[in-house]
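File shown: entry-v5.cif (mmCIF, C-alpha atoms and all ligand atoms).
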data_structure
#
loop_
_atom_site.label_atom_id
_atom_site.label_comp_id
_atom_site.auth_asym_id
_atom_site.auth_seq_id
_atom_site.Cartn_x
_atom_site.Cartn_y
_atom_site.Cartn_z
CA MET F 1 -25.69 -14.47 8.14
CA THR F 2 -22.40 -13.25 6.72
CA GLU F 3 -23.85 -9.75 6.56
CA THR F 4 -23.91 -9.60 10.38
CA LEU F 5 -21.49 -6.98 11.64
CA HIS F 6 -18.37 -8.51 13.20
CA ARG F 7 -15.19 -7.24 14.83
CA LEU F 8 -11.82 -8.88 14.27
CA VAL F 9 -8.82 -7.98 16.44
CA TYR F 10 -5.24 -9.19 15.92
CA TYR F 11 -1.69 -8.24 16.66
CA SER F 12 1.52 -8.95 14.79
CA ARG F 13 5.24 -8.24 14.78
CA ASN F 14 6.78 -5.74 12.40
CA HIS F 15 9.07 -7.14 9.67
CA ILE F 16 9.71 -3.83 7.91
CA SER F 17 13.39 -2.97 8.17
CA GLY F 18 15.37 0.03 7.05
CA ASP F 19 15.39 3.65 8.09
CA ALA F 20 12.50 5.86 9.17
CA ALA F 21 11.83 7.01 5.60
CA ALA F 22 11.57 3.43 4.31
CA PHE F 23 9.24 2.54 7.18
CA ALA F 24 7.07 5.60 6.52
CA ALA F 25 6.83 4.69 2.83
CA ASP F 26 5.66 1.16 3.67
CA ILE F 27 3.11 2.47 6.17
CA ASP F 28 1.81 4.91 3.56
CA ASP F 29 1.43 2.05 1.10
CA ILE F 30 -0.35 -0.18 3.65
CA LEU F 31 -2.76 2.63 4.59
CA ALA F 32 -3.51 3.62 0.99
CA LYS F 33 -4.30 0.00 0.03
CA SER F 34 -6.27 -0.57 3.23
CA ARG F 35 -8.39 2.53 2.82
CA ALA F 36 -9.19 1.73 -0.82
CA ASN F 37 -10.02 -1.93 -0.14
CA ASN F 38 -11.86 -1.32 3.12
CA GLY F 39 -13.96 1.49 1.63
CA ARG F 40 -14.98 -0.91 -1.14
CA ASP F 41 -15.71 -3.75 1.32
CA GLY F 42 -17.65 -1.89 4.01
CA ILE F 43 -14.82 -2.31 6.54
CA THR F 44 -13.86 0.31 9.13
CA GLY F 45 -11.25 0.13 11.86
CA ALA F 46 -7.90 1.29 13.14
CA LEU F 47 -4.27 0.21 12.95
CA LEU F 48 -1.78 0.82 15.74
CA PHE F 49 1.98 0.65 15.50
CA ASN F 50 4.21 0.84 18.53
CA ALA F 51 7.32 -0.84 19.89
CA GLY F 52 7.73 -3.18 16.93
CA CYS F 53 4.16 -4.44 16.92
CA PHE F 54 1.02 -3.80 14.94
CA ALA F 55 -2.46 -4.17 16.39
CA GLN F 56 -5.53 -3.79 14.24
CA VAL F 57 -9.30 -3.78 14.61
CA LEU F 58 -11.42 -4.56 11.54
CA GLU F 59 -15.19 -4.20 11.71
CA GLY F 60 -17.68 -4.98 8.98
CA PRO F 61 -19.55 -7.86 7.31
CA LEU F 62 -18.03 -11.21 8.36
CA ASP F 63 -17.20 -12.34 4.84
CA THR F 64 -15.25 -9.20 3.91
CA ILE F 65 -13.28 -8.95 7.16
CA GLU F 66 -12.32 -12.63 6.81
CA ALA F 67 -11.16 -12.01 3.24
CA ALA F 68 -9.16 -8.94 4.34
CA PHE F 69 -7.60 -10.92 7.22
CA GLU F 70 -6.53 -13.64 4.74
CA ARG F 71 -4.70 -11.01 2.67
CA ILE F 72 -3.23 -9.39 5.76
CA GLN F 73 -1.82 -12.72 6.98
CA GLN F 74 -0.06 -13.24 3.63
CA ASP F 75 1.69 -9.86 3.87
CA GLU F 76 5.41 -10.27 4.54
CA ARG F 77 5.73 -6.81 6.07
CA HIS F 78 4.69 -8.38 9.36
CA GLY F 79 4.60 -11.85 10.96
CA ASP F 80 3.41 -13.88 13.98
CA VAL F 81 -0.09 -12.65 13.18
CA SER F 82 -2.18 -13.60 16.24
CA LEU F 83 -5.97 -13.47 16.24
CA LEU F 84 -7.25 -12.02 19.53
CA ALA F 85 -10.99 -11.81 18.86
CA LEU F 86 -13.65 -12.36 16.21
CA ASP F 87 -17.11 -11.55 17.53
CA PRO F 88 -20.50 -10.26 16.37
CA ILE F 89 -21.08 -6.63 17.35
CA ALA F 90 -24.15 -4.42 17.61
CA GLY F 91 -22.52 -1.34 16.10
CA ARG F 92 -19.27 0.10 14.81
CA SER F 93 -16.67 1.75 17.06
CA PHE F 94 -14.85 3.38 14.10
CA PRO F 95 -17.65 4.54 11.79
CA ASN F 96 -15.54 7.37 10.36
CA TRP F 97 -12.32 5.45 9.74
CA ALA F 98 -11.76 3.27 6.65
CA MET F 99 -8.49 2.66 8.51
CA GLY F 100 -7.25 5.00 11.21
CA PHE F 101 -3.57 4.94 12.13
CA VAL F 102 -2.29 5.73 15.60
CA GLY F 103 0.68 5.14 17.80
CA LEU F 104 3.60 7.19 16.59
CA SER F 105 2.86 10.49 18.30
CA ASP F 106 4.38 11.39 21.70
CA VAL F 107 0.91 11.65 23.20
CA ASP F 108 0.04 8.12 22.07
CA SER F 109 3.33 6.77 23.43
CA GLU F 110 2.60 8.33 26.81
CA ARG F 111 -0.76 6.61 26.91
CA PHE F 112 0.91 3.23 26.34
CA ALA F 113 3.02 3.76 29.43
CA GLY F 114 -0.08 3.27 31.57
CA ILE F 115 -0.96 0.04 29.79
CA GLY F 116 2.32 -1.78 29.39
CA PRO F 117 3.96 -3.21 32.51
CA SER F 118 7.37 -1.58 32.44
CA SER F 119 8.64 -1.19 28.90
CA GLY F 120 5.83 1.00 27.61
CA PHE F 121 3.33 -0.77 25.43
CA ASP F 122 3.41 -4.56 25.43
CA ILE F 123 0.71 -5.62 23.04
CA ALA F 124 1.27 -9.31 23.71
CA ARG F 125 -0.20 -8.88 27.20
CA LEU F 126 -3.48 -7.39 26.01
CA ASN F 127 -6.65 -9.25 25.06
CA GLY F 128 -9.01 -8.40 22.21
CA ASP F 129 -11.25 -6.17 24.32
CA GLN F 130 -8.27 -4.22 25.67
CA VAL F 131 -6.81 -3.69 22.19
CA HIS F 132 -10.20 -2.61 20.91
CA GLY F 133 -10.65 -0.18 23.83
CA LEU F 134 -7.17 1.26 23.38
CA LEU F 135 -7.62 1.87 19.67
CA ARG F 136 -11.07 3.36 20.20
CA ASP F 137 -9.70 5.78 22.84
CA LEU F 138 -6.79 6.79 20.64
CA THR F 139 -8.91 7.41 17.55
CA ILE F 140 -11.44 9.41 19.57
CA GLU F 141 -8.57 11.62 20.69
CA GLU F 142 -7.36 11.98 17.10
CA GLU F 143 -10.86 12.98 16.03
CA LYS F 144 -10.99 15.62 18.75
CA ALA F 145 -7.58 16.94 17.71
CA ALA F 146 -8.49 17.06 14.01
C1 LIG Q 1 -0.17 -4.23 9.37
C2 LIG Q 1 -0.95 -4.36 8.09
C3 LIG Q 1 -2.30 -3.98 8.07
C4 LIG Q 1 -3.05 -4.09 6.89
N1 LIG Q 1 -4.38 -3.75 6.90
C5 LIG Q 1 -5.12 -3.92 5.78
C6 LIG Q 1 -6.51 -3.63 5.77
O1 LIG Q 1 -7.10 -3.17 6.75
N2 LIG Q 1 -7.20 -3.82 4.61
C7 LIG Q 1 -6.60 -4.30 3.48
O2 LIG Q 1 -7.28 -4.46 2.47
N3 LIG Q 1 -5.29 -4.57 3.47
C8 LIG Q 1 -4.53 -4.40 4.58
N4 LIG Q 1 -3.18 -4.66 4.55
C9 LIG Q 1 -2.56 -4.92 3.26
C10 LIG Q 1 -2.75 -6.32 2.81
O3 LIG Q 1 -1.83 -7.10 3.53
C11 LIG Q 1 -2.49 -6.45 1.31
O4 LIG Q 1 -1.27 -5.87 0.99
C12 LIG Q 1 -3.56 -5.75 0.53
O5 LIG Q 1 -4.83 -6.08 1.01
C13 LIG Q 1 -3.46 -6.16 -0.93
O6 LIG Q 1 -4.41 -5.41 -1.63
P1 LIG Q 1 -4.58 -5.59 -3.22
O7 LIG Q 1 -4.83 -7.07 -3.43
O8 LIG Q 1 -5.74 -4.72 -3.54
O9 LIG Q 1 -3.26 -5.12 -3.81
C14 LIG Q 1 -2.42 -4.57 5.71
C15 LIG Q 1 -1.08 -4.93 5.75
C16 LIG Q 1 -0.34 -4.84 6.92
C17 LIG Q 1 1.10 -5.24 6.94
#
Any chance you could put this one into structure tokens?
Amino acid sequence: MTETLHRLVYYSRNHISGDAAAFAADIDDILAKSRANNGRDGITGALLFNAGCFAQVLEGPLDTIEAAFERIQQDERHGDVSLLALDPIAGRSFPNWAMGFVGLSDVDSERFAGIGPSSGFDIARLNGDQVHGLLRDLTIEEEKAA
């Protein structure tokens, strides 16, 4: 049954410190590793960064997304990793993304304003379905813009 398609959603708090260039270098490294590993493991999804938090959706075979989540939880570049959802799904929401990355553009930030209560985007107030819907909307917009 481990081949059944599943979706895992979590959020976490950023632990990367330093200036914008150092942050960008770490993000590049995370995305390069993620895309290589996820391509190998049949995982697709998207990663969001905003206001000091990451949120990520991983979709794929249960065994490989659980193994990826184990590695992700060990990574000291973030902490307080909180699982929001792990459910079987009928199909992928991010078929074209070994790991999409959204959240830093002005357009994305504006979208968060409608979701967060007052201080923009407050990921801690969202549930798994809301995080999944947000990331799906943002990546669809990125695909249109590309
Ligand atoms: C916010 C965040 C998201 C990550 N997402 C993924 C991911 O989707 N897939 C993955 O393999 N690694 C991901 N990583 C990286 C893993 O934590 C770990 O560094 C990597 O899997 C190690 O790969 P390696 O054993 O091939 O060197 C993420 C790390 C962070 C901090």
Name the residues, by chain letter and number, that sit within 10 Å of ligand LIG 1 (chain Q) using only C-alpha atoms and all ligand atoms, and give them as a PyMOL selection string.
chain F and resi 10-16+26-27+29-41+43-49+53-59+64-65+67-79+81+98-101
Mind giving me the straight-line distance from CA of Ala146 in chain F to CA of His6 in chain F in Å, one decimal?
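Computed distance, CA of Ala146 in chain F to CA of His6 in chain F, equals 27.4 Å.
For the pair CA of Asp63 in chain F and CA of Asp28 in chain F, the interatomic distance is 25.7 Å.
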Between F:Gly103, F:Trp97, F:Gly42, F:Leu86, which has the minimum distance to Gly128 in chain F (counting all atoms listed in the file)?
F:Leu86
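Atom pair CA of Pro88 in chain F / CA of Pro61 in chain F has a distance of 9.4 Å (rounded to one decimal).
If only C-alpha atoms are the atoms counted, then among F:Ala24, F:Ile123, F:Val102, F:Ala90 the closest residue to Glu141 in chain F is F:Val102.
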Of the listed residues F:Ala145, F:Ala22, F:Ala51, F:Leu135, that which approaches Ser93 in chain F most closely, counting all atoms listed in the file
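Among the listed residues, the smallest separation from Ser93 in chain F belongs to F:Leu135.
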